[in-house]
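Report on the structure given below.
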Amino acid sequence: MDPLKRLWQQGLRIVLHPGDFFSELAEKEELAGDVLRQHLVYTASIPALAIFVGDAIVGQEGVLQPAFPTLLRAALYFVLTLAHVYLAAELLVWLGSYFRLLPDFNRAFALLAYCLTPSFVAGGFQVVPALRPFSLFALYSLYLAYTYAPRVFRVPPSDRGAFGLVVLLAVVGVWAALSMAFSLVA
């Protein structure tokens with residue numbers, strides 16, 4: 001199957017049928033490297049490309065930004081996005097020990113890569129200033145992480161709410177730290 005078609009269908013399943021998608025994810029073992037190569041590099045490139053196109057080609061308020069610095073900023077954003085998934089997965093593995101979970105980096109990485117797909121797609125709205133309010137669709141990623149992380153990690157029912165909150169804090173906290181670093185550099 002065409003990789004882009006597969007990616008499109010997978011993205012639609014994540015958004016429209018998350019219960020089925022994450023139940024299947026809980027039953028299978030995906031390697032982090034496979035998720036990175038087959039899913040994350042493509043979806044994480046959406047906001048990075050939107051930054052470049054929106055600033056250097058479309059422009060903001062009629063002003064175009066220089067292409068080379070904008071390209072560097074977009075590349076840095078892409079790298080930080082990949083780092084976000086990696087660092088949040090590492091943090092999730094570490095925090096999972098407090099819930100008596102076995103460390104499983106592959107499961108944490110896959111969960112976060114798939115949960116964050118709506119936020120990557122929402123980053124595409126950065127291309128046109130009039131569409132930027134639709135970027136709020138990224139909040140759906142937080143809902144997915146909170147709701148389905150306990151299911152994927154097979155957390156006991158008594159700890160599901162707390163674990164979902166820990167996942168949310170890990171995702172938001174790591175992104176906040178990386179965003180501050182990004183704002184210092186870019």
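Chain labels follow the order of the structure tokens: the first chain is A, the next B, and so on; residue numbering restarts at 1 in every chain, and ligands are counted from 1 in their shown order.
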
Legend entry - Polymer residues at most 12 Å from Gly33 (chain A), only C-alpha atoms, same-chain spacing of 3 or more positions, as a PyMOL selection string: chain A and resi 29-30+36-41+82+86+105-107+109-110+113

Inset, instruction - Could you pull out the residues in region 33-162 of chain A that DSSP calls alpha helix (DSSP H) from the backbone, as an MDAnalysis selection string? - result: chainID A and resid 33:35 41:52 67:96 105:115 117:123 139:152 160:162

Inset, instruction - Could you jot down the CA of Met180 (chain A) to CA of Ala74 (chain A) separation for me, Å, one decimal place? - result: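 The value is 15.7 Å.
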
Legend entry - CA of Ala56 (chain A) to CA of Ser141 (chain A), straight-line distance in Å: 27.8 Å

Spatial neighbours of Leu16 (chain A), max dist 12 Å, only C-alpha atoms, sep filter under 6 positions, as a PDB file with N, CA, C and O atoms, in the first residue's frame:
ATOM      1  N   TRP A   8      -2.627   8.332   5.878  1.00  0.00           N
ATOM      2  CA  TRP A   8      -3.910   9.041   5.878  1.00  0.00           C
ATOM      3  C   TRP A   8      -4.983   8.191   6.564  1.00  0.00           C
ATOM      4  O   TRP A   8      -5.720   8.688   7.418  1.00  0.00           O
ATOM      5  N   GLN A   9      -5.069   6.921   6.188  1.00  0.00           N
ATOM      6  CA  GLN A   9      -6.075   6.041   6.789  1.00  0.00           C
ATOM      7  C   GLN A   9      -5.829   5.847   8.278  1.00  0.00           C
ATOM      8  O   GLN A   9      -6.767   5.831   9.076  1.00  0.00           O
ATOM      9  N   GLN A  10      -4.563   5.735   8.654  1.00  0.00           N
ATOM     10  CA  GLN A  10      -4.228   5.584  10.067  1.00  0.00           C
ATOM     11  C   GLN A  10      -4.610   6.844  10.845  1.00  0.00           C
ATOM     12  O   GLN A  10      -5.162   6.759  11.940  1.00  0.00           O
ATOM     13  N   PHE A  22      -6.629   2.451  19.625  1.00  0.00           N
ATOM     14  CA  PHE A  22      -5.787   2.285  20.807  1.00  0.00           C
ATOM     15  C   PHE A  22      -5.990   0.933  21.489  1.00  0.00           C
ATOM     16  O   PHE A  22      -5.083   0.442  22.162  1.00  0.00           O
ATOM     17  N   PRO A 118      -3.214  14.363  16.059  1.00  0.00           N
ATOM     18  CA  PRO A 118      -4.096  15.514  15.812  1.00  0.00           C
ATOM     19  C   PRO A 118      -3.406  16.863  16.015  1.00  0.00           C
ATOM     20  O   PRO A 118      -3.691  17.822  15.291  1.00  0.00           O
ATOM     21  N   TYR A 140      -7.315  17.989  21.082  1.00  0.00           N
ATOM     22  CA  TYR A 140      -7.824  16.623  20.972  1.00  0.00           C
ATOM     23  C   TYR A 140      -6.726  15.615  21.314  1.00  0.00           C
ATOM     24  O   TYR A 140      -7.005  14.540  21.848  1.00  0.00           O
ATOM     25  N   LEU A 144      -6.921  12.406  23.849  1.00  0.00           N
ATOM     26  CA  LEU A 144      -6.523  11.045  23.490  1.00  0.00           C
ATOM     27  C   LEU A 144      -5.509  10.496  24.489  1.00  0.00           C
ATOM     28  O   LEU A 144      -5.622   9.338  24.922  1.00  0.00           O
TER      29      LEU A 144
END

Closest-contact table, region 49-108 of chain A side, partner region 119-136 of chain A, 8 Å, counting only C-alpha atoms, as a Markdown table:
| residue | atom | partner | partner_atom | distance |
| --- | --- | --- | --- | --- |
| A:Leu49 | CA | A:Gly124 | CA | 7.7 |
| A:Ala50 | CA | A:Val127 | CA | 4.8 |
| A:Ile51 | CA | A:Gln126 | CA | 6.3 |
| A:Val53 | CA | A:Val127 | CA | 6.0 |
| A:Gly54 | CA | A:Val127 | CA | 4.0 |
| A:Asp55 | CA | A:Val127 | CA | 7.7 |
| A:Val58 | CA | A:Val128 | CA | 7.1 |
| A:Gln60 | CA | A:Pro129 | CA | 6.8 |

Save the residues we just selected, N, CA and C atoms, as a JSON list (two decimals), in the first residue's frame?
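Written out: result18.json:
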[["chain", "number", "residue", "atom", "x", "y", "z"],
["A", 49, "LEU", "N", 6.56, 22.17, 8.07],
["A", 49, "LEU", "CA", 6.33, 22.67, 6.71],
["A", 49, "LEU", "C", 5.37, 23.86, 6.73],
["A", 50, "ALA", "N", 4.38, 23.81, 7.61],
["A", 50, "ALA", "CA", 3.43, 24.92, 7.70],
["A", 50, "ALA", "C", 4.13, 26.19, 8.18],
["A", 51, "ILE", "N", 5.07, 26.05, 9.09],
["A", 51, "ILE", "CA", 5.84, 27.22, 9.55],
["A", 51, "ILE", "C", 6.58, 27.83, 8.37],
["A", 53, "VAL", "N", 6.12, 27.43, 5.00],
["A", 53, "VAL", "CA", 5.23, 27.95, 3.95],
["A", 53, "VAL", "C", 4.49, 29.19, 4.45],
["A", 54, "GLY", "N", 4.01, 29.14, 5.67],
["A", 54, "GLY", "CA", 3.26, 30.27, 6.21],
["A", 54, "GLY", "C", 4.08, 31.54, 6.36],
["A", 55, "ASP", "N", 5.34, 31.41, 6.73],
["A", 55, "ASP", "CA", 6.17, 32.59, 6.96],
["A", 55, "ASP", "C", 6.93, 33.04, 5.71],
["A", 58, "VAL", "N", 3.60, 32.36, 2.09],
["A", 58, "VAL", "CA", 2.31, 33.04, 2.23],
["A", 58, "VAL", "C", 2.50, 34.39, 2.92],
["A", 60, "GLN", "N", 2.94, 36.69, 6.77],
["A", 60, "GLN", "CA", 2.05, 37.07, 7.86],
["A", 60, "GLN", "C", 1.76, 38.56, 7.71]]

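Between Arg6 (chain A) and the residues A:Asp159, A:Leu168, A:Tyr148, A:Tyr42, the shortest atom-to-atom distance, using only C-alpha atoms, involves A:Tyr42.
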
Legend entry - Atom pair CA of Thr147 (chain A) / CA of Gly164 (chain A): separation (Å): 6.5 Å

Legend entry - From A:Thr70, A:Ser97, A:Ser23, A:Thr117, residue lying nearest Val35 (chain A) [only C-alpha atoms]: A:Thr117

Legend entry - Spatial neighbours of Pro103 (chain A), max dist 9 Å, only C-alpha atoms, sep filter under 6 positions, as a count of residues only: 5

Legend entry - Counting only C-alpha atoms, the residue of A:Val171, A:Leu71, A:Leu80, A:Cys115 that sits nearest Pro18 (chain A):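 Using only C-alpha atoms, Pro18 (chain A) sits closest to A:Cys115.
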
Inset, instruction - Name the residues in contact with region 160-162 of chain A at a cut-off of 10 Å, using only C-alpha atoms, excluding same-chain residues fewer than 5 positions from it; report them as a VMD selection string. - result: chain A and resid 99 146 to 151 153 to 155 167 to 168

Store the residues picked out above, limited to all heavy atoms, as a CSV table (one decimal), in the first residue's frame.
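The file below, part_17.csv, is the result:
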chain,number,residue,atom,x,y,z
A,99,PHE,N,3.3,3.5,39.2
A,99,PHE,CA,2.0,2.8,39.0
A,99,PHE,C,2.2,1.3,38.9
A,99,PHE,O,1.3,0.6,38.4
A,99,PHE,CB,1.3,3.4,37.8
A,99,PHE,CG,0.8,4.8,38.0
A,99,PHE,CD1,1.6,5.8,37.6
A,99,PHE,CD2,-0.4,5.0,38.5
A,99,PHE,CE1,1.2,7.1,37.8
A,99,PHE,CE2,-0.9,6.3,38.7
A,99,PHE,CZ,0.0,7.4,38.3
A,146,TYR,N,-5.0,11.4,27.6
A,146,TYR,CA,-5.6,11.2,28.9
A,146,TYR,C,-6.5,9.9,28.9
A,146,TYR,O,-6.5,9.1,29.9
A,146,TYR,CB,-6.4,12.4,29.4
A,146,TYR,CG,-7.1,12.2,30.7
A,146,TYR,CD1,-6.5,12.3,31.9
A,146,TYR,CD2,-8.5,11.9,30.7
A,146,TYR,CE1,-7.1,12.2,33.1
A,146,TYR,CE2,-9.1,11.7,31.9
A,146,TYR,CZ,-8.5,11.8,33.1
A,146,TYR,OH,-9.1,11.6,34.2
A,147,THR,N,-7.3,9.8,27.9
A,147,THR,CA,-8.3,8.7,27.8
A,147,THR,C,-7.7,7.4,27.5
A,147,THR,O,-8.1,6.4,28.2
A,147,THR,CB,-9.3,9.1,26.8
A,147,THR,OG1,-9.9,10.4,27.1
A,147,THR,CG2,-10.4,8.0,26.7
A,148,TYR,N,-6.7,7.3,26.6
A,148,TYR,CA,-6.3,6.0,26.1
A,148,TYR,C,-5.0,5.5,26.6
A,148,TYR,O,-4.6,4.3,26.5
A,148,TYR,CB,-6.3,6.0,24.6
A,148,TYR,CG,-7.7,6.2,24.1
A,148,TYR,CD1,-8.1,7.4,23.5
A,148,TYR,CD2,-8.6,5.1,24.2
A,148,TYR,CE1,-9.4,7.5,23.1
A,148,TYR,CE2,-9.9,5.3,23.8
A,148,TYR,CZ,-10.3,6.5,23.2
A,148,TYR,OH,-11.6,6.6,22.8
A,149,ALA,N,-4.2,6.4,27.3
A,149,ALA,CA,-2.9,5.9,27.8
A,149,ALA,C,-3.1,4.8,28.9
A,149,ALA,O,-2.4,3.8,28.9
A,149,ALA,CB,-2.1,7.1,28.4
A,150,PRO,N,-4.1,5.0,29.8
A,150,PRO,CA,-4.3,3.9,30.8
A,150,PRO,C,-4.7,2.6,30.1
A,150,PRO,O,-4.3,1.5,30.6
A,150,PRO,CB,-5.4,4.5,31.7
A,150,PRO,CG,-5.3,5.9,31.5
A,150,PRO,CD,-4.9,6.2,30.1
A,151,ARG,N,-5.4,2.7,29.1
A,151,ARG,CA,-5.9,1.4,28.4
A,151,ARG,C,-4.7,0.7,27.7
A,151,ARG,O,-4.5,-0.5,27.8
A,151,ARG,CB,-6.9,1.8,27.3
A,151,ARG,CG,-7.5,0.5,26.6
A,151,ARG,CD,-8.5,0.9,25.6
A,151,ARG,NE,-9.6,1.6,26.1
A,151,ARG,CZ,-10.6,2.1,25.4
A,151,ARG,NH1,-10.7,1.8,24.1
A,151,ARG,NH2,-11.6,2.7,26.0
A,153,PHE,N,-1.5,1.0,28.5
A,153,PHE,CA,-0.6,0.5,29.5
A,153,PHE,C,-1.2,-0.5,30.4
A,153,PHE,O,-0.5,-1.0,31.3
A,153,PHE,CB,0.0,1.7,30.2
A,153,PHE,CG,1.1,2.3,29.5
A,153,PHE,CD1,0.9,3.4,28.7
A,153,PHE,CD2,2.4,1.9,29.6
A,153,PHE,CE1,1.9,4.1,28.1
A,153,PHE,CE2,3.5,2.5,29.0
A,153,PHE,CZ,3.2,3.6,28.2
A,154,ARG,N,-2.5,-0.8,30.2
A,154,ARG,CA,-3.2,-1.8,31.1
A,154,ARG,C,-3.1,-1.4,32.6
A,154,ARG,O,-2.8,-2.2,33.4
A,154,ARG,CB,-2.7,-3.2,30.8
A,154,ARG,CG,-2.9,-3.7,29.4
A,154,ARG,CD,-2.3,-5.1,29.3
A,154,ARG,NE,-2.4,-5.5,27.9
A,154,ARG,CZ,-1.4,-5.6,27.1
A,154,ARG,NH1,-0.2,-5.2,27.5
A,154,ARG,NH2,-1.5,-6.0,25.8
A,155,VAL,N,-3.4,-0.1,32.8
A,155,VAL,CA,-3.4,0.4,34.2
A,155,VAL,C,-4.6,-0.1,34.9
A,155,VAL,O,-5.7,-0.1,34.3
A,155,VAL,CB,-3.3,1.9,34.2
A,155,VAL,CG1,-3.4,2.5,35.6
A,155,VAL,CG2,-2.1,2.4,33.5
A,167,VAL,N,0.2,11.4,32.5
A,167,VAL,CA,0.5,11.4,31.0
A,167,VAL,C,0.3,12.8,30.5
A,167,VAL,O,1.2,13.4,29.8
A,167,VAL,CB,-0.3,10.4,30.2
A,167,VAL,CG1,-0.1,10.6,28.7
A,167,VAL,CG2,0.0,9.0,30.6
A,168,LEU,N,-0.8,13.4,30.9
A,168,LEU,CA,-1.1,14.8,30.4
A,168,LEU,C,0.0,15.8,30.9
A,168,LEU,O,0.5,16.6,30.2
A,168,LEU,CB,-2.4,15.3,31.0
A,168,LEU,CG,-3.6,15.0,30.2
A,168,LEU,CD1,-4.9,15.6,30.9
A,168,LEU,CD2,-3.6,15.4,28.8

Inset, instruction - Go through A:Leu184, A:Pro47, A:Pro3, A:Val174 one by one, measure the shortest atom-to-atom distance of each to Phe78 (chain A) using only C-alpha atoms, and give the residue with the smallest value. - result: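 Answer, going by the shortest atom-to-atom distance: A:Pro47.
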